[in-house]
>>> print(open('run-v3.txt').read())   # compact mmCIF, C-alpha atoms
# COMPACT_ATOMS: atom_id res chain seq x y z
CA MET A 212 172.06 -98.26 55.59
CA ASN A 213 175.05 -97.52 57.80
CA ASN A 214 176.00 -99.34 60.98
CA ASN A 215 173.97 -96.96 63.13
CA SER A 216 170.72 -97.18 61.18
CA ILE A 217 167.96 -99.68 60.52
CA LEU A 218 165.03 -99.77 58.08
CA LEU A 219 162.13 -102.13 58.77
CA ILE A 220 159.52 -102.29 56.02
CA ASN A 221 156.38 -104.21 55.19
CA PRO A 222 157.13 -106.28 52.04
CA ASP A 223 153.60 -105.48 50.79
CA PHE A 224 154.08 -101.72 51.10
CA GLU A 225 153.10 -99.90 47.89
CA PRO A 226 154.64 -96.39 47.66
CA ALA A 227 151.90 -95.45 45.20
CA SER A 228 149.41 -95.62 48.08
CA SER A 229 151.23 -92.98 50.14
CA GLY A 230 148.48 -90.41 49.57
CA ASN A 231 146.39 -92.37 52.07
CA LEU A 232 149.18 -92.75 54.62
CA SER A 233 150.71 -90.76 57.47
CA LEU A 234 154.39 -89.94 58.00
CA LEU A 235 155.76 -89.48 61.52
CA VAL A 236 159.22 -87.89 61.76
CA LYS A 237 161.24 -87.45 64.97
CA ILE A 238 164.41 -85.37 65.03
CA GLY A 239 166.57 -85.60 68.14
CA ALA A 240 169.86 -83.91 68.89
CA ASP A 241 171.72 -87.12 67.98
CA THR A 242 169.05 -89.26 66.28
CA PHE A 243 166.72 -89.28 63.31
CA SER A 244 163.74 -91.59 62.79
CA TYR A 245 160.47 -91.89 60.95
CA ALA A 246 157.49 -94.20 60.59
CA ILE A 247 154.97 -94.68 57.76
CA ILE A 248 151.50 -95.56 59.03
CA ASP A 249 148.18 -96.48 57.47
CA GLU A 250 145.76 -95.14 60.08
CA ALA A 251 142.68 -96.48 58.30
CA GLU A 252 144.06 -100.04 58.18
CA LYS A 253 145.85 -99.66 61.55
CA LEU A 254 149.15 -100.78 60.06
CA VAL A 255 152.77 -99.69 60.44
CA HIS A 256 154.38 -99.99 57.00
CA ALA A 257 157.90 -98.80 57.77
CA VAL A 258 160.20 -97.63 60.54
CA TYR A 259 163.59 -96.02 59.97
CA ASP A 260 165.91 -95.22 62.87
CA GLU A 261 169.44 -93.82 62.93
CA GLN A 262 171.44 -93.44 66.14
CA GLU A 263 174.60 -91.52 66.98
CA CYS A 264 174.10 -88.75 64.42
CA GLU A 265 176.35 -85.72 64.73
CA SER A 266 173.21 -83.63 64.29
CA GLY A 267 169.61 -84.70 63.90
CA TYR A 268 168.93 -81.51 61.94
CA GLN A 269 171.76 -82.28 59.51
CA LYS A 270 170.58 -85.88 59.15
CA LEU A 271 167.11 -84.64 58.16
CA THR A 272 168.64 -82.70 55.27
CA GLU A 273 170.80 -85.65 54.22
CA ARG A 274 167.95 -88.17 54.26
CA LEU A 275 165.70 -85.89 52.26
CA LYS A 276 168.26 -86.01 49.47
CA THR A 277 168.66 -89.79 49.42
CA ASP A 278 165.57 -91.42 50.95
CA ALA A 279 162.76 -91.91 48.42
CA TYR A 280 160.24 -92.75 51.15
CA LEU A 281 160.54 -89.28 52.63
CA LYS A 282 159.75 -87.70 49.25
CA LEU A 283 156.40 -89.45 48.80
CA ASN A 284 153.13 -87.54 48.94
CA TYR A 285 151.48 -88.29 52.32
CA ARG A 286 148.00 -87.56 53.61
CA ASN A 287 149.52 -85.91 56.66
CA VAL A 288 152.98 -85.38 58.10
CA LYS A 289 153.91 -84.82 61.74
CA VAL A 290 157.43 -83.61 62.51
CA ALA A 291 158.59 -83.70 66.13
CA THR A 292 161.80 -81.78 66.67
CA HIS A 293 164.16 -81.09 69.54
CA THR A 294 164.61 -77.41 70.37
CA PRO A 295 165.91 -75.41 73.34
CA ASN A 296 163.09 -72.94 72.80
CA VAL A 297 160.20 -74.38 74.77
CA ILE A 298 158.09 -73.51 77.81
CA PHE A 299 155.00 -75.10 79.36
CA VAL A 300 152.06 -72.82 80.13
CA PRO A 301 149.17 -74.05 82.32
CA GLN A 302 145.84 -73.71 80.55
CA GLU A 303 144.52 -71.25 83.12
CA LEU A 304 147.46 -68.89 82.47
CA TYR A 305 147.56 -69.21 78.68
CA THR A 306 146.45 -66.26 76.55
CA GLU A 307 146.62 -66.70 72.78
CA ALA A 308 146.44 -62.95 72.18
CA HIS A 309 149.74 -62.45 74.01
CA ILE A 310 151.68 -65.40 72.70
CA GLU A 311 154.76 -63.25 72.01
CA VAL A 312 155.20 -62.86 75.77
CA TYR A 313 156.12 -66.53 76.11
CA SER A 314 158.87 -66.35 73.48
CA LYS A 315 160.83 -64.00 75.75
CA TYR A 316 161.70 -67.05 77.83
CA PHE A 317 163.17 -69.04 74.95
CA ALA A 318 166.80 -70.11 75.31
CA GLU A 319 168.04 -68.64 72.03
CA ALA A 320 167.05 -66.59 69.02
CA SER A 321 165.09 -68.64 66.52
CA SER A 322 162.41 -68.32 63.87
CA LYS A 323 159.70 -65.73 64.31
CA ASN A 324 157.05 -68.44 64.22
CA VAL A 325 155.82 -69.65 67.60
CA TYR A 326 153.90 -72.93 67.82
CA VAL A 327 151.41 -73.96 70.46
CA GLN A 328 150.75 -77.62 71.19
CA PRO A 329 147.96 -78.56 73.62
CA THR A 330 148.96 -81.55 75.71
CA LEU A 331 147.86 -83.77 78.56
CA GLN A 332 144.13 -83.56 77.83
CA GLN A 333 144.32 -79.76 77.52
CA ALA A 334 145.86 -79.32 81.00
CA PHE A 335 148.58 -77.06 79.60
CA ASN A 336 150.09 -75.81 76.35
CA THR A 337 153.59 -76.42 75.03
CA VAL A 338 154.86 -73.21 73.42
CA PHE A 339 157.97 -73.56 71.24
CA SER A 340 159.84 -72.38 68.17
CA LEU A 341 162.35 -74.03 65.82
CA PRO A 342 165.59 -72.84 64.25
CA SER A 343 164.60 -70.95 61.10
CA SER A 344 166.83 -73.12 58.88
CA VAL A 345 165.16 -76.32 60.11
CA GLU A 346 161.71 -74.82 59.79
CA LYS A 347 162.50 -73.88 56.19
CA VAL A 348 163.61 -77.43 55.31
CA ILE A 349 160.46 -78.91 56.84
CA ASP A 350 158.10 -76.51 55.06
CA GLU A 351 159.82 -76.82 51.70
CA ASN A 352 159.52 -80.60 51.70
CA TRP A 353 156.14 -81.04 53.38
CA GLN A 354 153.85 -78.13 52.59
CA ALA A 355 151.14 -79.44 54.89
CA ASN A 356 152.73 -80.52 58.16
CA THR A 357 152.17 -80.43 61.89
CA LYS A 358 155.18 -79.36 63.94
CA LEU A 359 155.54 -80.91 67.38
CA LEU A 360 158.03 -80.98 70.20
CA GLN A 361 160.42 -83.96 70.17
CA ASN A 362 158.85 -85.40 73.33
CA ALA A 363 155.25 -84.72 72.29
CA GLY A 364 154.35 -88.40 72.09
CA LEU A 365 155.84 -89.19 75.50
CA ILE A 366 154.12 -86.23 77.12
CA GLU A 367 150.83 -87.42 75.67
CA LEU A 368 151.43 -90.90 77.06
CA ALA A 369 152.01 -89.34 80.47
CA SER A 370 148.31 -88.49 80.68
CA GLN A 371 147.79 -92.21 81.33
CA LEU A 372 150.04 -92.14 84.40
CA LYS A 373 147.95 -91.20 87.43
CA GLN A 374 150.66 -90.71 90.02
CA ASP A 375 153.90 -88.71 90.05
CA SER A 376 156.03 -90.29 87.35
CA ILE A 377 159.27 -90.10 85.42
CA ILE A 378 159.68 -91.04 81.76
CA ILE A 379 163.21 -91.60 80.43
CA ASP A 380 163.75 -92.13 76.70
CA PHE A 381 167.26 -93.37 75.82
CA THR A 382 169.26 -93.08 72.64
CA VAL A 383 172.70 -94.69 72.42
CA GLY A 384 174.42 -91.68 73.96
CA SER A 385 171.73 -89.46 75.47
CA PHE A 386 168.44 -89.49 77.32
CA GLN A 387 165.30 -87.39 77.58
CA PHE A 388 164.11 -86.97 81.16
CA ILE A 389 160.51 -85.93 81.91
CA TYR A 390 159.26 -85.53 85.48
CA LEU A 391 155.52 -85.18 86.01
CA GLN A 392 153.74 -84.09 89.15
CA GLN A 393 149.95 -84.23 89.23
CA GLN A 394 150.03 -84.88 85.45
CA LYS A 395 151.92 -81.64 84.81
CA VAL A 396 155.46 -81.37 83.48
CA ALA A 397 157.55 -80.24 86.44
CA PHE A 398 160.89 -80.79 84.68
CA MET A 399 162.13 -81.82 81.25
CA GLN A 400 165.71 -81.92 80.02
CA SER A 401 168.02 -83.74 77.63
CA TYR A 402 171.43 -85.09 78.65
CA GLU A 403 174.35 -86.62 76.79
CA PHE A 404 176.41 -89.23 78.63
CA GLU A 405 179.50 -91.30 77.89
CA ASP A 406 179.10 -94.14 80.39
CA VAL A 407 177.11 -95.38 83.38
CA GLU A 408 179.16 -93.22 85.77
CA GLU A 409 178.04 -90.08 83.96
CA LEU A 410 174.45 -91.37 83.87
CA THR A 411 174.64 -91.92 87.63
CA TYR A 412 175.89 -88.38 88.15
CA TYR A 413 172.94 -86.89 86.23
CA LEU A 414 170.38 -89.07 87.97
CA LEU A 415 171.65 -88.14 91.44
CA LEU A 416 171.80 -84.47 90.48
CA ILE A 417 168.18 -84.53 89.29
CA ILE A 418 166.96 -86.49 92.32
CA ASN A 419 168.62 -84.08 94.75
CA GLN A 420 167.67 -80.87 92.96
CA LEU A 421 164.02 -81.85 92.52
CA ASN A 422 163.76 -83.71 95.84
CA ILE A 423 162.16 -86.70 94.12
CA ASN A 424 160.66 -89.45 96.25
CA THR A 425 162.58 -92.38 94.78
CA LYS A 426 160.51 -95.02 96.60
CA GLU A 427 157.10 -93.87 95.38
CA THR A 428 157.77 -92.25 92.00
CA GLU A 429 157.16 -94.55 89.04
CA VAL A 430 159.88 -94.62 86.38
CA LYS A 431 158.99 -95.67 82.84
CA VAL A 432 161.91 -96.19 80.45
CA CYS A 433 161.96 -96.65 76.68
CA GLY A 434 164.29 -96.37 73.72
CA ILE A 435 167.72 -98.03 73.63
CA ILE A 436 167.74 -99.80 76.99
CA HIS A 437 167.25 -103.41 78.13
CA GLU A 438 166.36 -105.03 81.42
CA GLY A 439 169.57 -105.98 83.17
CA ASP A 440 171.93 -103.75 81.18
CA ASP A 441 174.08 -101.07 82.82
CA LYS A 442 171.54 -98.30 82.25
CA TRP A 443 168.68 -100.37 83.66
CA ASN A 444 170.70 -101.41 86.70
CA CYS A 445 171.75 -97.83 87.34
CA ILE A 446 168.15 -96.59 87.35
CA SER A 447 166.91 -99.54 89.41
CA GLN A 448 169.58 -98.83 92.01
CA TYR A 449 167.98 -95.47 92.83
CA PHE A 450 164.30 -95.96 91.97
CA ALA A 451 162.12 -98.67 93.51
CA LYS A 452 159.49 -98.69 90.76
CA THR A 453 161.08 -99.09 87.33
CA ASP A 454 159.41 -100.57 84.28
CA LEU A 455 159.65 -100.54 80.48
CA LEU A 456 157.30 -98.23 78.60
CA ALA A 457 155.89 -99.98 75.53
CA LEU A 458 153.18 -98.25 73.53
CA ALA A 459 149.68 -99.65 73.94
CA THR A 460 148.37 -99.26 70.40
CA ASN A 461 145.80 -100.71 68.03
CA LEU A 462 148.35 -100.55 65.22
CA ASP A 463 149.58 -103.73 63.58
CA THR A 464 153.32 -103.57 64.30
CA ASN A 465 154.33 -106.94 62.84
CA ILE A 466 157.39 -105.41 61.17
CA LEU A 467 158.73 -104.69 64.66
CA ASP A 468 158.28 -108.24 65.99
CA ASP A 469 162.03 -108.89 66.02
CA MET A 470 162.74 -105.65 67.90
CA PRO A 471 162.13 -104.80 71.57
CA ALA A 472 158.64 -103.28 71.88
CA HIS A 473 159.89 -100.23 73.79
CA TYR A 474 162.50 -99.16 71.20
CA TYR A 475 160.11 -97.01 69.18
CA THR A 476 157.62 -95.92 71.85
CA SER A 477 158.32 -92.20 71.50
CA LEU A 478 158.20 -92.31 67.69
CA LEU A 479 154.94 -94.23 67.32
CA ALA A 480 153.32 -92.26 70.16
CA LEU A 481 153.38 -89.21 67.86
CA GLN A 482 150.32 -90.71 66.20
CA GLN A 483 148.31 -89.66 69.27
CA CYS A 484 149.34 -86.01 69.00
CA GLY A 485 147.15 -83.41 67.32
>>> encode(input="run-v3.txt", output="structure tokens")
Amino acid sequence: MNNNSILLINPDFEPASSGNLSLLVKIGADTFSYAIIDEAEKLVHAVYDEQECESGYQKLTERLKTDAYLKLNYRNVKVATHTPNVIFVPQELYTEAHIEVYSKYFAEASSKNVYVQPTLQQAFNTVFSLPSSVEKVIDENWQANTKLLQNAGLIELASQLKQDSIIIDFTVGSFQFIYLQQQKVAFMQSYEFEDVEELTYYLLLIINQLNINTKETEVKVCGIIHEGDDKWNCISQYFAKTDLLALATNLDTNILDDMPAHYYTSLLALQQCG
């Protein structure tokens, strides 16, 4: 492990039992993490997290060469990946027969494969594609896998929020911002920031551009943030309703007892995604 990574593992974990287990992988622009879960026994066996990566894509390739846990044979594998190529299509406007139409709105050229992920209780579909090189690495190492958007777990959690809400997921040097109106994604973007002044700039820019009601909109934060730290105080300065977003789960997460419950919300929430 390096100084930016952590591996938490159940001392009773038997790699030979991996054929009955699930692997959740999340690849951010500057992070890489995974969890090994026994869904039948409702148990989290392992969590690996690495912050401040130069590239989450590159870290995936590196870990596949050195991490024996990633090479095990799993019952199912879900890989959630950041990508600039994503749009949200309301269910009433979605037509599977014309899926190529949606790819015209992608930010950059990518693989020819387009993936569709139903979200928020089927209210809309997330349509996305991945860089072909990343897609190749994923498919070569996990022949049977489900590809998801990086924020898939958080978007799924948003279905539990009944009023207009914001979810912010922090890494050490970036944050994912999701704004939901009437349980639909109105805005989603990723930002890198150096300090609280830059975070403040982005928050004010978003508030003003989207005309967000800062007194009534709930803000749920997770990832690398703590109550009372600079990031928390910055958000609380502008939003009246701020709270931590910890995953409500039936999983036994004893291996995470020494860690803040909201650190791995977005990773473990991938379990809920189809």
>>> closest_residue(input="run-v3.txt", among="A:Thr425, A:Gln374, A:Ser244, A:Gln328", to="Thr357 of chain A", atoms="all atoms listed in the file")
A:Gln328
>>> residues_around(input="run-v3.txt", residues="segment 426-432 of chain A", least_positions_apart="5", cutoff="8 Å", atoms="all atoms listed in the file", output="list in words")
Gln374, Asp375, Ser376, Ile377, Ile378, Ile379, Asp380, Phe381, Phe450, Ala451, Lys452, Thr453, Asp454, Leu455 and Leu456 of chain A
>>> closest_residue(input="run-v3.txt", among="A:Tyr475, A:Tyr326, A:Tyr316, A:Phe339", to="Gly364 of chain A", atoms="all atoms listed in the file")
A:Tyr475
>>> atom_distance(input="run-v3.txt", atom1="atom CA of Val288 of chain A", atom2="atom CA of Ser385 of chain A")
25.9 Å
>>> closest_residue(input="run-v3.txt", among="A:Cys484, A:Leu479, A:Ala227, A:Ile238", to="Gln269 of chain A", atoms="all atoms listed in the file")
A:Ile238
>>> atom_distance(input="run-v3.txt", atom1="atom CA of Glu403 of chain A", atom2="atom CA of Gly384 of chain A")
5.8 Å
>>> closest_residue(input="run-v3.txt", among="A:Trp443, A:Tyr268, A:Tyr259, A:Phe388", to="Val348 of chain A", atoms="all atoms listed in the file")
A:Tyr268
>>> residues_near_point(input="run-v3.txt", point="(161.6, -90.4, 66.2)", cutoff="12 Å", atoms="all atoms listed in the file", output="tab-separated table (two decimals) with C-alpha atoms, in the coordinates of the input")
chain	number	residue	atom	x	y	z
A	234	LEU	CA	154.39	-89.94	58.00
A	235	LEU	CA	155.76	-89.48	61.52
A	236	VAL	CA	159.22	-87.89	61.76
A	237	LYS	CA	161.24	-87.45	64.97
A	238	ILE	CA	164.41	-85.37	65.03
A	239	GLY	CA	166.57	-85.60	68.14
A	240	ALA	CA	169.86	-83.91	68.89
A	241	ASP	CA	171.72	-87.12	67.98
A	242	THR	CA	169.05	-89.26	66.28
A	243	PHE	CA	166.72	-89.28	63.31
A	244	SER	CA	163.74	-91.59	62.79
A	245	TYR	CA	160.47	-91.89	60.95
A	246	ALA	CA	157.49	-94.20	60.59
A	247	ILE	CA	154.97	-94.68	57.76
A	258	VAL	CA	160.20	-97.63	60.54
A	259	TYR	CA	163.59	-96.02	59.97
A	260	ASP	CA	165.91	-95.22	62.87
A	261	GLU	CA	169.44	-93.82	62.93
A	262	GLN	CA	171.44	-93.44	66.14
A	267	GLY	CA	169.61	-84.70	63.90
A	271	LEU	CA	167.11	-84.64	58.16
A	289	LYS	CA	153.91	-84.82	61.74
A	290	VAL	CA	157.43	-83.61	62.51
A	291	ALA	CA	158.59	-83.70	66.13
A	292	THR	CA	161.80	-81.78	66.67
A	293	HIS	CA	164.16	-81.09	69.54
A	359	LEU	CA	155.54	-80.91	67.38
A	360	LEU	CA	158.03	-80.98	70.20
A	361	GLN	CA	160.42	-83.96	70.17
A	362	ASN	CA	158.85	-85.40	73.33
A	363	ALA	CA	155.25	-84.72	72.29
A	364	GLY	CA	154.35	-88.40	72.09
A	365	LEU	CA	155.84	-89.19	75.50
A	380	ASP	CA	163.75	-92.13	76.70
A	381	PHE	CA	167.26	-93.37	75.82
A	382	THR	CA	169.26	-93.08	72.64
A	434	GLY	CA	164.29	-96.37	73.72
A	474	TYR	CA	162.50	-99.16	71.20
A	475	TYR	CA	160.11	-97.01	69.18
A	476	THR	CA	157.62	-95.92	71.85
A	477	SER	CA	158.32	-92.20	71.50
A	478	LEU	CA	158.20	-92.31	67.69
A	479	LEU	CA	154.94	-94.23	67.32
A	480	ALA	CA	153.32	-92.26	70.16
A	481	LEU	CA	153.38	-89.21	67.86
A	482	GLN	CA	150.32	-90.71	66.20
